[in-house]
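Engineer: What follows is my_file_0.txt; its format and atoms are compact mmCIF, C-alpha atoms.
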# COMPACT_ATOMS: atom_id res chain seq x y z
CA MET A 139 -37.60 -46.11 73.00
CA SER A 140 -39.64 -43.78 75.14
CA ALA A 141 -43.24 -44.31 76.19
CA THR A 142 -44.29 -41.54 73.79
CA GLU A 143 -42.72 -43.40 70.88
CA SER A 144 -44.51 -46.58 71.96
CA ALA A 145 -47.78 -44.68 72.03
CA GLN A 146 -47.07 -43.27 68.57
CA LYS A 147 -46.43 -46.80 67.28
CA ILE A 148 -49.79 -47.90 68.63
CA GLN A 149 -51.34 -44.90 66.96
CA ALA A 150 -49.62 -45.74 63.66
CA LYS A 151 -50.87 -49.31 63.87
CA PHE A 152 -54.49 -48.60 64.83
CA GLY A 153 -54.93 -45.22 63.18
CA ASP A 154 -57.92 -43.10 64.13
CA LEU A 155 -59.02 -45.49 66.86
CA VAL A 156 -56.20 -44.30 69.11
CA SER A 157 -55.81 -40.71 70.25
CA ALA A 158 -52.51 -38.82 70.22
CA PRO A 159 -50.47 -39.52 73.36
CA SER A 160 -51.11 -37.03 76.15
CA GLU A 161 -48.60 -36.36 78.88
CA PHE A 162 -49.32 -35.55 82.52
CA ARG A 163 -46.49 -35.38 85.06
CA GLY A 164 -44.27 -37.46 82.82
CA GLU A 165 -46.83 -40.21 82.33
CA ILE A 166 -48.12 -41.05 78.87
CA SER A 167 -51.76 -41.94 78.17
CA VAL A 168 -53.64 -42.88 75.04
CA ARG A 169 -57.38 -43.23 74.57
CA LEU A 170 -58.87 -46.02 72.55
CA ALA A 171 -62.14 -45.11 70.82
CA ASP A 172 -63.48 -48.64 70.31
CA ALA A 173 -63.45 -50.83 73.43
CA GLU A 174 -63.85 -53.94 71.27
CA LYS A 175 -60.29 -53.39 70.03
CA ILE A 176 -58.72 -53.40 73.51
CA PHE A 177 -57.52 -56.97 73.15
CA ASP A 178 -55.73 -56.20 69.88
CA VAL A 179 -54.10 -53.06 71.29
CA CYS A 180 -52.92 -54.86 74.44
CA SER A 181 -51.69 -57.83 72.44
CA PHE A 182 -49.74 -55.48 70.14
CA ALA A 183 -48.31 -53.58 73.12
CA LYS A 184 -47.08 -56.79 74.69
CA THR A 185 -45.70 -58.65 71.70
CA GLN A 186 -44.32 -55.75 69.63
CA LEU A 187 -43.58 -53.02 72.18
CA GLY A 188 -42.35 -55.06 75.14
CA PHE A 189 -45.05 -54.10 77.67
CA ASP A 190 -44.84 -57.47 79.38
CA TYR A 191 -46.34 -56.45 82.72
CA LEU A 192 -49.93 -55.38 83.42
CA VAL A 193 -49.70 -53.23 86.55
CA ASP A 194 -53.42 -52.73 87.05
CA ILE A 195 -56.78 -52.40 85.43
CA SER A 196 -59.06 -49.80 86.96
CA SER A 197 -62.52 -48.60 86.16
CA VAL A 198 -64.15 -45.20 86.53
CA ASP A 199 -67.85 -44.50 86.88
CA GLN A 200 -68.65 -41.28 84.98
CA TYR A 201 -72.14 -41.21 86.48
CA GLY A 202 -74.60 -39.13 84.50
CA GLU A 203 -72.45 -39.07 81.37
CA ASP A 204 -72.51 -41.25 78.32
CA PRO A 205 -70.59 -43.51 77.93
CA ARG A 206 -70.68 -44.22 81.65
CA TRP A 207 -67.69 -46.51 82.17
CA THR A 208 -64.01 -45.77 81.63
CA VAL A 209 -61.65 -48.74 81.89
CA VAL A 210 -57.98 -47.90 82.33
CA TYR A 211 -55.08 -50.29 81.67
CA HIS A 212 -51.71 -49.53 83.25
CA LEU A 213 -48.93 -51.22 81.29
CA ARG A 214 -45.24 -51.51 82.11
CA GLY A 215 -42.28 -53.03 80.33
CA LEU A 216 -39.87 -54.67 82.72
CA GLY A 217 -37.26 -54.74 79.96
CA HIS A 218 -37.29 -51.02 79.07
CA GLY A 219 -38.91 -49.64 82.24
CA GLN A 220 -41.49 -47.54 80.38
CA GLU A 221 -45.06 -47.09 81.54
CA LEU A 222 -48.09 -46.53 79.38
CA ARG A 223 -51.73 -45.94 80.24
CA VAL A 224 -54.47 -47.06 77.85
CA SER A 225 -58.04 -46.05 78.55
CA THR A 226 -61.24 -46.90 76.77
CA GLN A 227 -64.92 -46.20 77.31
CA VAL A 228 -67.93 -48.50 77.52
CA SER A 229 -71.58 -47.50 77.54
CA GLU A 230 -73.88 -48.51 80.36
CA GLU A 231 -76.21 -50.47 78.05
CA LYS A 232 -73.33 -52.57 76.80
CA SER A 233 -71.22 -52.82 80.00
CA GLU A 234 -69.04 -55.36 78.26
CA LEU A 235 -65.59 -55.45 76.67
CA PRO A 236 -63.06 -58.14 75.68
CA SER A 237 -60.94 -59.75 78.35
CA VAL A 238 -57.15 -59.38 78.11
CA PHE A 239 -56.60 -62.56 80.12
CA ALA A 240 -55.02 -64.20 77.08
CA VAL A 241 -52.40 -61.40 76.94
CA TRP A 242 -51.51 -61.12 80.62
CA ARG A 243 -52.70 -63.87 82.94
CA THR A 244 -52.72 -61.41 85.86
CA ALA A 245 -55.76 -59.79 84.22
CA ASN A 246 -57.83 -62.65 85.60
CA TRP A 247 -58.27 -61.20 89.09
CA HIS A 248 -58.17 -57.55 88.00
CA GLU A 249 -61.13 -58.16 85.74
CA ARG A 250 -62.97 -60.15 88.37
CA GLU A 251 -62.56 -57.24 90.79
CA ILE A 252 -63.93 -54.76 88.25
CA TYR A 253 -66.86 -57.08 87.58
CA ASP A 254 -67.48 -57.40 91.33
CA MET A 255 -67.30 -53.69 92.16
CA MET A 256 -68.64 -52.03 88.98
CA GLY A 257 -70.57 -54.74 87.16
CA ILE A 258 -68.63 -54.42 83.90
CA ARG A 259 -68.37 -57.81 82.21
CA PHE A 260 -65.39 -59.13 80.28
CA THR A 261 -66.10 -61.42 77.33
CA GLY A 262 -63.76 -64.36 77.02
CA HIS A 263 -62.81 -64.30 80.70
CA PRO A 264 -62.29 -67.89 81.89
CA ASP A 265 -63.86 -67.48 85.34
CA LEU A 266 -65.87 -64.28 85.76
CA ARG A 267 -67.10 -64.60 89.34
CA ARG A 268 -67.19 -62.09 92.19
CA ILE A 269 -63.86 -61.91 93.99
CA LEU A 270 -64.43 -59.72 97.08
CA MET A 271 -68.15 -59.91 97.76
CA TRP A 272 -69.90 -63.26 97.91
CA GLU A 273 -71.80 -64.97 95.14
CA GLY A 274 -75.40 -63.82 95.36
CA TYR A 275 -74.69 -60.28 96.58
CA PRO A 276 -77.13 -58.30 94.44
CA TYR A 277 -75.35 -54.93 94.04
CA PHE A 278 -72.19 -53.45 92.55
CA PRO A 279 -70.99 -51.33 95.47
CA LEU A 280 -68.46 -49.02 93.80
CA ARG A 281 -70.98 -47.54 91.41
CA LYS A 282 -71.67 -43.87 92.06
CA ASP A 283 -75.40 -44.45 92.52
CA PHE A 284 -74.75 -46.99 95.29
CA PRO A 285 -75.04 -45.34 98.74
CA LEU A 286 -71.85 -45.14 100.80
CA ALA A 287 -73.59 -46.71 103.77
CA GLY A 288 -74.63 -49.75 101.77
CA LYS A 289 -77.99 -51.44 101.35
CA PRO A 290 -79.64 -54.18 103.41
CA THR A 291 -79.33 -57.66 101.97
CA ASP A 292 -79.71 -61.14 103.36
CA LEU A 293 -78.55 -64.41 101.88
CA PRO A 294 -79.34 -67.00 104.55
CA GLY A 295 -76.38 -69.19 105.45
CA VAL A 296 -73.95 -67.05 103.47
CA ALA A 297 -73.92 -63.43 104.59
CA PHE A 298 -76.05 -60.41 105.31
CA THR A 299 -75.48 -56.67 105.13
CA GLN A 300 -77.05 -53.68 106.84
CA PRO A 301 -76.70 -49.96 106.10
CA ALA A 302 -73.92 -48.41 108.17
CA PRO A 303 -74.85 -45.47 110.43
CA LEU A 304 -73.18 -42.41 108.92
CA GLU A 305 -74.44 -39.91 111.54
CA GLY A 306 -74.51 -37.07 109.05
CA GLY A 307 -71.16 -37.99 107.50
CA PRO A 308 -69.04 -38.76 105.56
CA PHE A 309 -66.49 -36.81 107.57
CA VAL A 310 -63.90 -35.29 105.31
CA THR A 311 -60.46 -33.96 106.14
CA VAL A 312 -59.22 -30.91 104.23
CA ALA A 313 -55.48 -30.50 103.89
CA GLY A 314 -53.96 -27.04 104.10
CA GLY A 315 -56.48 -25.44 106.45
CA LYS A 316 -55.18 -22.51 108.46
CA ASP A 317 -55.84 -24.12 111.86
CA SER A 318 -56.74 -27.53 113.19
CA ILE A 319 -60.46 -26.64 113.34
CA ASP A 320 -60.35 -26.13 109.58
CA ARG A 321 -58.37 -29.29 109.01
CA GLU A 322 -60.16 -31.75 111.28
CA PRO A 323 -62.66 -34.23 109.84
CA ARG A 324 -66.10 -32.62 109.52
CA VAL A 325 -69.27 -33.06 107.54
CA ARG A 326 -68.52 -31.38 104.23
CA ASN A 327 -71.43 -32.34 102.10
CA PRO A 328 -71.36 -30.34 98.86
CA GLU A 329 -75.18 -30.43 98.57
CA THR A 330 -75.87 -28.87 101.99
CA MET B 52 -52.14 -102.81 158.54
CA PRO B 53 -54.43 -100.01 159.72
CA THR B 54 -58.06 -100.95 159.75
CA GLN B 55 -59.53 -97.54 160.43
CA SER B 56 -58.72 -93.98 159.35
CA GLU B 57 -57.94 -91.07 161.62
CA TYR B 58 -60.60 -88.37 161.23
CA ALA B 59 -59.42 -86.40 164.20
CA TYR B 60 -57.30 -83.26 164.09
CA ASP B 61 -53.96 -84.00 162.45
CA SER B 62 -51.24 -81.43 163.05
CA LYS B 63 -49.11 -82.87 160.20
CA ILE B 64 -51.45 -81.65 157.48
CA GLU B 65 -52.34 -78.33 159.01
CA GLY B 66 -51.59 -75.55 156.55
CA ASP B 67 -52.08 -77.79 153.49
CA ILE B 68 -55.83 -77.36 153.66
CA ILE B 69 -57.65 -74.28 152.42
CA VAL B 70 -61.32 -73.94 153.11
CA THR B 71 -63.33 -72.22 150.39
CA ARG B 72 -66.57 -72.33 148.49
CA VAL B 73 -66.72 -74.59 145.41
CA ASP B 74 -67.94 -71.62 143.39
CA ALA B 75 -64.91 -69.58 144.31
CA ALA B 76 -62.52 -72.44 143.62
CA LEU B 77 -64.02 -73.19 140.19
CA ASN B 78 -63.97 -69.51 139.29
CA TRP B 79 -60.35 -69.30 140.41
CA PHE B 80 -59.49 -72.16 138.05
CA ARG B 81 -61.43 -70.62 135.21
CA ALA B 82 -60.17 -67.08 135.65
CA ASN B 83 -56.53 -68.15 135.62
CA SER B 84 -56.70 -70.46 132.63
CA VAL B 85 -58.59 -68.44 130.04
CA TRP B 86 -57.43 -69.96 126.77
CA PRO B 87 -57.98 -67.45 123.98
CA MET B 88 -59.31 -68.13 120.53
CA PRO B 89 -57.30 -65.55 118.52
CA MET B 90 -59.77 -64.29 115.93
CA GLY B 91 -57.14 -62.17 114.16
CA LEU B 92 -58.83 -60.37 111.28
CA ALA B 93 -56.77 -57.22 110.76
CA CYS B 94 -53.95 -55.12 112.20
CA CYS B 95 -55.18 -55.64 115.80
CA ALA B 96 -53.93 -59.20 115.43
CA ILE B 97 -50.37 -57.86 115.32
CA GLU B 98 -50.87 -56.20 118.70
CA LEU B 99 -52.43 -59.41 119.95
CA MET B 100 -49.28 -61.25 118.89
CA ALA B 101 -47.24 -58.68 120.78
CA SER B 102 -49.39 -59.33 123.85
CA GLY B 103 -48.52 -62.98 123.54
CA ALA B 104 -44.81 -62.43 123.07
CA SER B 105 -42.26 -62.16 125.86
CA ARG B 106 -42.26 -58.36 126.30
CA PHE B 107 -45.90 -58.15 127.40
CA ASP B 108 -46.33 -61.85 128.14
CA ILE B 109 -49.99 -62.78 128.34
CA SER B 110 -48.92 -66.01 130.08
CA ARG B 111 -48.60 -64.03 133.31
CA PHE B 112 -52.41 -64.26 133.36
CA GLY B 113 -52.64 -67.90 132.33
CA SER B 114 -53.77 -67.09 128.80
CA GLU B 115 -50.70 -67.98 126.78
CA VAL B 116 -52.35 -71.05 125.27
CA MET B 117 -53.67 -69.58 122.05
CA ARG B 118 -55.92 -72.29 120.70
CA PHE B 119 -56.73 -72.26 117.03
CA SER B 120 -59.48 -74.75 117.66
CA PRO B 121 -62.77 -73.40 119.03
CA ARG B 122 -63.35 -76.64 120.93
CA GLN B 123 -60.36 -75.99 123.18
CA SER B 124 -60.72 -72.28 123.85
CA ASP B 125 -62.63 -70.22 126.41
CA CYS B 126 -62.39 -66.64 125.21
CA MET B 127 -62.66 -65.40 121.67
CA ILE B 128 -60.55 -62.27 121.14
CA VAL B 129 -62.02 -60.62 118.04
CA ALA B 130 -58.99 -58.65 116.86
CA GLY B 131 -59.80 -56.63 113.78
CA THR B 132 -62.34 -55.59 111.20
CA VAL B 133 -65.25 -58.00 110.89
CA THR B 134 -66.51 -57.86 107.32
CA TYR B 135 -69.95 -59.18 106.47
CA LYS B 136 -68.26 -61.92 104.47
CA MET B 137 -66.36 -63.03 107.59
CA ALA B 138 -69.25 -62.46 110.03
CA THR B 139 -70.83 -65.83 109.29
CA CYS B 140 -67.52 -67.58 110.03
CA VAL B 141 -67.02 -65.66 113.28
CA LYS B 142 -70.52 -66.59 114.42
CA ARG B 143 -69.95 -70.21 113.47
CA ILE B 144 -66.65 -70.44 115.36
CA TYR B 145 -68.25 -68.81 118.40
CA ASP B 146 -71.08 -71.36 118.27
CA GLN B 147 -68.52 -74.17 118.14
CA MET B 148 -66.80 -73.02 121.34
CA ALA B 149 -67.72 -75.00 124.44
CA GLU B 150 -69.39 -73.29 127.42
CA PRO B 151 -68.37 -71.38 129.43
CA LYS B 152 -67.18 -68.90 126.81
CA TRP B 153 -66.41 -65.21 126.72
CA VAL B 154 -65.69 -62.62 124.04
CA ILE B 155 -63.32 -59.66 123.99
CA ALA B 156 -63.95 -57.14 121.20
CA MET B 157 -60.48 -55.76 120.60
CA GLY B 158 -60.20 -52.35 118.99
CA ALA B 159 -62.53 -49.87 117.36
CA CYS B 160 -63.46 -52.06 114.37
CA ALA B 161 -64.54 -55.10 116.37
CA SER B 162 -66.41 -52.90 118.84
CA THR B 163 -68.27 -50.56 116.48
CA GLY B 164 -67.02 -50.97 112.93
CA GLY B 165 -64.45 -48.26 113.61
CA MET B 166 -63.64 -45.98 110.74
CA TYR B 167 -65.30 -48.34 108.26
CA ARG B 168 -68.79 -46.90 107.81
CA SER B 169 -69.15 -49.05 104.78
CA TYR B 170 -71.29 -51.50 102.86
CA ALA B 171 -68.81 -54.27 103.60
CA VAL B 172 -68.10 -54.03 107.34
CA LEU B 173 -70.20 -55.31 110.23
CA GLN B 174 -70.80 -52.36 112.57
CA GLY B 175 -69.61 -54.06 115.74
CA VAL B 176 -69.23 -57.77 116.43
CA ASP B 177 -71.93 -57.49 119.12
CA HIS B 178 -74.48 -57.63 116.29
CA ILE B 179 -73.82 -61.36 116.03
CA ILE B 180 -72.23 -62.55 119.30
CA PRO B 181 -72.42 -61.34 122.94
CA VAL B 182 -69.36 -59.31 123.97
CA ASP B 183 -68.00 -59.21 127.54
CA VAL B 184 -65.24 -56.61 127.26
CA TYR B 185 -64.72 -53.85 124.67
CA VAL B 186 -61.22 -52.49 124.18
CA SER B 187 -60.78 -49.00 122.72
CA GLY B 188 -57.89 -48.08 120.47
CA CYS B 189 -56.92 -48.39 116.84
CA PRO B 190 -55.19 -50.72 117.41
CA PRO B 191 -55.11 -50.99 121.23
CA ARG B 192 -51.75 -51.27 122.96
CA PRO B 193 -50.92 -54.72 124.35
CA GLU B 194 -51.35 -53.25 127.83
CA ALA B 195 -54.97 -52.50 126.94
CA VAL B 196 -55.48 -56.10 125.87
CA LEU B 197 -54.00 -57.31 129.15
CA ASP B 198 -56.23 -54.88 131.03
CA ALA B 199 -59.26 -56.26 129.19
CA LEU B 200 -58.16 -59.74 130.15
CA MET B 201 -57.87 -58.72 133.80
CA LYS B 202 -61.33 -57.16 133.66
CA LEU B 203 -62.64 -60.39 132.17
CA GLN B 204 -60.96 -62.34 134.96
CA GLY B 205 -62.69 -60.08 137.44
CA LYS B 206 -66.00 -60.83 135.77
CA ILE B 207 -65.34 -64.58 135.75
CA ARG B 208 -64.57 -64.53 139.47
CA THR B 209 -68.01 -63.11 140.22
CA GLN B 210 -69.95 -65.54 138.07
CA PRO B 211 -72.00 -68.05 140.08
CA VAL B 212 -71.11 -71.49 138.70
CA LEU B 213 -73.06 -73.84 140.94
CA GLN B 214 -76.20 -71.71 141.01
CA ASN B 215 -76.43 -72.23 137.28
CA LEU B 216 -75.84 -75.94 137.79
CA ASN B 217 -78.76 -75.99 140.23
CA VAL B 218 -80.95 -74.31 137.67
CA VAL B 219 -79.96 -76.94 135.11
CA LYS B 220 -80.62 -79.68 137.64
CA SER B 221 -84.02 -78.37 138.58
CA LEU B 222 -84.92 -78.00 134.92
CA ALA B 223 -83.84 -81.58 134.28
CA GLY B 224 -85.93 -82.67 137.28
CA THR B 225 -89.05 -81.00 135.96
CA ASN B 226 -88.57 -82.62 132.61
CA GLN B 227 -88.38 -86.06 134.14
CA SER B 228 -91.48 -85.68 136.35
Would you mind writing the structure in this file as structure tokens?
Structural biologist:
Amino acid sequence: MSATESAQKIQAKFGDLVSAPSEFRGEISVRLADAEKIFDVCSFAKTQLGFDYLVDISSVDQYGEDPRWTVVYHLRGLGHGQELRVSTQVSEEKSELPSVFAVWRTANWHEREIYDMMGIRFTGHPDLRRILMWEGYPYFPLRKDFPLAGKPTDLPGVAFTQPAPLEGGPFVTVAGGKDSIDREPRVRNPET
Amino acid sequence: MPTQSEYAYDSKIEGDIIVTRVDAALNWFRANSVWPMPMGLACCAIELMASGASRFDISRFGSEVMRFSPRQSDCMIVAGTVTYKMATCVKRIYDQMAEPKWVIAMGACASTGGMYRSYAVLQGVDHIIPVDVYVSGCPPRPEAVLDALMKLQGKIRTQPVLQNLNVVKSLAGTNQS
């Protein structure tokens, strides 16, 4: 059974909620319209379609668009070797979707990381704490409206942060320039 | 049974006596037994391990005794990226080290934050603790670490030990009076 057939089975099961499978460079993706159904889709994919391994969960900040958050689940079946990508969207007001911890236990830390970096919460997660930053850090640093240099914070006895000096940066490298002056890291700010 | 000692010139022990200043002798001891506190935080720690291994052999300079206890070490080698989350721990370990103590900031990250101009990385360990020697490189070669150690030894040799003791003594005297 190919990944496309798996995606079609999900589509047959959940109907209009799931988009037709799209293919890019041999990888199959489906979009789920209702984020509240993500647990059911993942549970179905694991128990009925053999996707027994959750490779990763990632989140995308579509800043300025609505819905703002895209959460992407990368599934893999170790038995049949197929990969499938399931994405769903969450609005900024809600910023919440069901945890898939009960399907794959590895989702525990993936979801904690997304909560830490993006501030998207997972209902039903057994232990939704920050995983990289410390408890009490007030920001979600991977959001697009968070400055690259960071913001000053101070939590006495725990940690502090200060904005990093960017000196006009970030300095960006461009591949494929005609000489090394073109290719070397320079300030390439699209706004200026 | 001899009842009195010979204080006169004794040709038998000539050559076994070296005359020096106490300062210089203490500094000589200190400079040649700098026990490092390996604060290995990132890839620089791998080069630090190489410095300790037989090919580069940090024990040639008396520093092979890597102590993982701050109480027993003299020189903290901050090898790697100091994140803000780790900064508190680094400061705490430095505070736990007994005087006299020195710090080597090994590599670009420990010296300035390196390529991490980021919300999460301390922009140089000298924001929280005083640094004696900065080592460039990303990561530095073991030779550079050894060079930093030799520079630190040079600094230790010039530090006045007893003058500071006198200052402490005079301070203690004023407190008592």
Engineer: Residues of chain A within 9 Å of chain B, using only C-alpha atoms, as a list in words?
Structural biologist: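 Interface list for chain A against chain B: Leu270, Met271, Trp272, Pro279, Pro285, Leu286, Ala287, Gly288, Lys289, Pro290, Gly295, Val296, Ala297, Phe298, Thr299, Gln300, Pro301, Ala302, Pro303, Leu304 and Pro308 of chain A.
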Engineer: Any idea what the distance is between CA of Ser102 (chain B) and CA of Val184 (chain B)?
Structural biologist: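 Spanning CA of Ser102 (chain B) to CA of Val184 (chain B) is a straight-line distance of 16.4 Å.
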Engineer: To one decimal in Å, tell me the separation between CA of Ser162 (chain B) and CA of Arg106 (chain B).
Structural biologist: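 Answer for the CA of Ser162 (chain B) to CA of Arg106 (chain B) separation: 25.9 Å.
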Engineer: At what distance in Å, to one decimal, does CA of Thr132 (chain B) lie from CA of Gly91 (chain B)?
Structural biologist: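 Pair CA of Gly91 (chain B) / CA of Thr132 (chain B) returns 8.9 Å.
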Engineer: Give me, as a list of chain:residue names, all polymer residues having an atom no more than 7 Å from Val176 (chain B), counting only C-alpha atoms and skipping those fewer than 4 positions away in the same chain.
Structural biologist: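 Listed by chain and then number, they are B:Val133, B:Ala161, B:Ser162, B:Ile180.
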Engineer: So which residues touch Ser229 (chain A) within 12 Å, counting only C-alpha atoms, skipping near sequence neighbours fewer than 4 positions away, as a PDB file with C-alpha atoms, keeping the file's coordinate frame?
Structural biologist:
ATOM      1  CA  ALA A 171     -62.140 -45.110  70.820  1.00  0.00           C
ATOM      2  CA  ASP A 172     -63.480 -48.640  70.310  1.00  0.00           C
ATOM      3  CA  ALA A 173     -63.450 -50.830  73.430  1.00  0.00           C
ATOM      4  CA  GLU A 174     -63.850 -53.940  71.270  1.00  0.00           C
ATOM      5  CA  VAL A 198     -64.150 -45.200  86.530  1.00  0.00           C
ATOM      6  CA  ASP A 199     -67.850 -44.500  86.880  1.00  0.00           C
ATOM      7  CA  GLN A 200     -68.650 -41.280  84.980  1.00  0.00           C
ATOM      8  CA  TYR A 201     -72.140 -41.210  86.480  1.00  0.00           C
ATOM      9  CA  GLY A 202     -74.600 -39.130  84.500  1.00  0.00           C
ATOM     10  CA  GLU A 203     -72.450 -39.070  81.370  1.00  0.00           C
ATOM     11  CA  ASP A 204     -72.510 -41.250  78.320  1.00  0.00           C
ATOM     12  CA  PRO A 205     -70.590 -43.510  77.930  1.00  0.00           C
ATOM     13  CA  ARG A 206     -70.680 -44.220  81.650  1.00  0.00           C
ATOM     14  CA  TRP A 207     -67.690 -46.510  82.170  1.00  0.00           C
ATOM     15  CA  THR A 208     -64.010 -45.770  81.630  1.00  0.00           C
ATOM     16  CA  VAL A 209     -61.650 -48.740  81.890  1.00  0.00           C
ATOM     17  CA  SER A 233     -71.220 -52.820  80.000  1.00  0.00           C
ATOM     18  CA  GLU A 234     -69.040 -55.360  78.260  1.00  0.00           C
ATOM     19  CA  LEU A 235     -65.590 -55.450  76.670  1.00  0.00           C
ATOM     20  CA  ILE A 258     -68.630 -54.420  83.900  1.00  0.00           C
ATOM     21  CA  ARG A 259     -68.370 -57.810  82.210  1.00  0.00           C
TER      22      ARG A 259
END
Engineer: Hey, what's within 10 Å of Thr244 (chain A) if we count only C-alpha atoms and toss same-chain stuff fewer than 5 positions away? As a compact mmCIF listing (two decimals) with C-alpha atoms, in the frame of the given file, please?
Structural biologist:
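For reference, part_28.txt as written:
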# COMPACT_ATOMS: atom_id res chain seq x y z
CA TYR A 191 -46.34 -56.45 82.72
CA LEU A 192 -49.93 -55.38 83.42
CA VAL A 193 -49.70 -53.23 86.55
CA ASP A 194 -53.42 -52.73 87.05
CA ILE A 195 -56.78 -52.40 85.43
CA VAL A 238 -57.15 -59.38 78.11
CA PHE A 239 -56.60 -62.56 80.12
CA GLU A 249 -61.13 -58.16 85.74
Engineer: With only C-alpha atoms as the counted atoms, please give the residues lying no more than 9 Å from Asp74 (chain B), apart from itself and same-chain residues fewer than 4 positions off, as a list of chain:residue names.
Structural biologist: B:Asn78, B:Trp79, B:Arg208, B:Gln210, B:Pro211, B:Val212, B:Leu213, B:Gln214
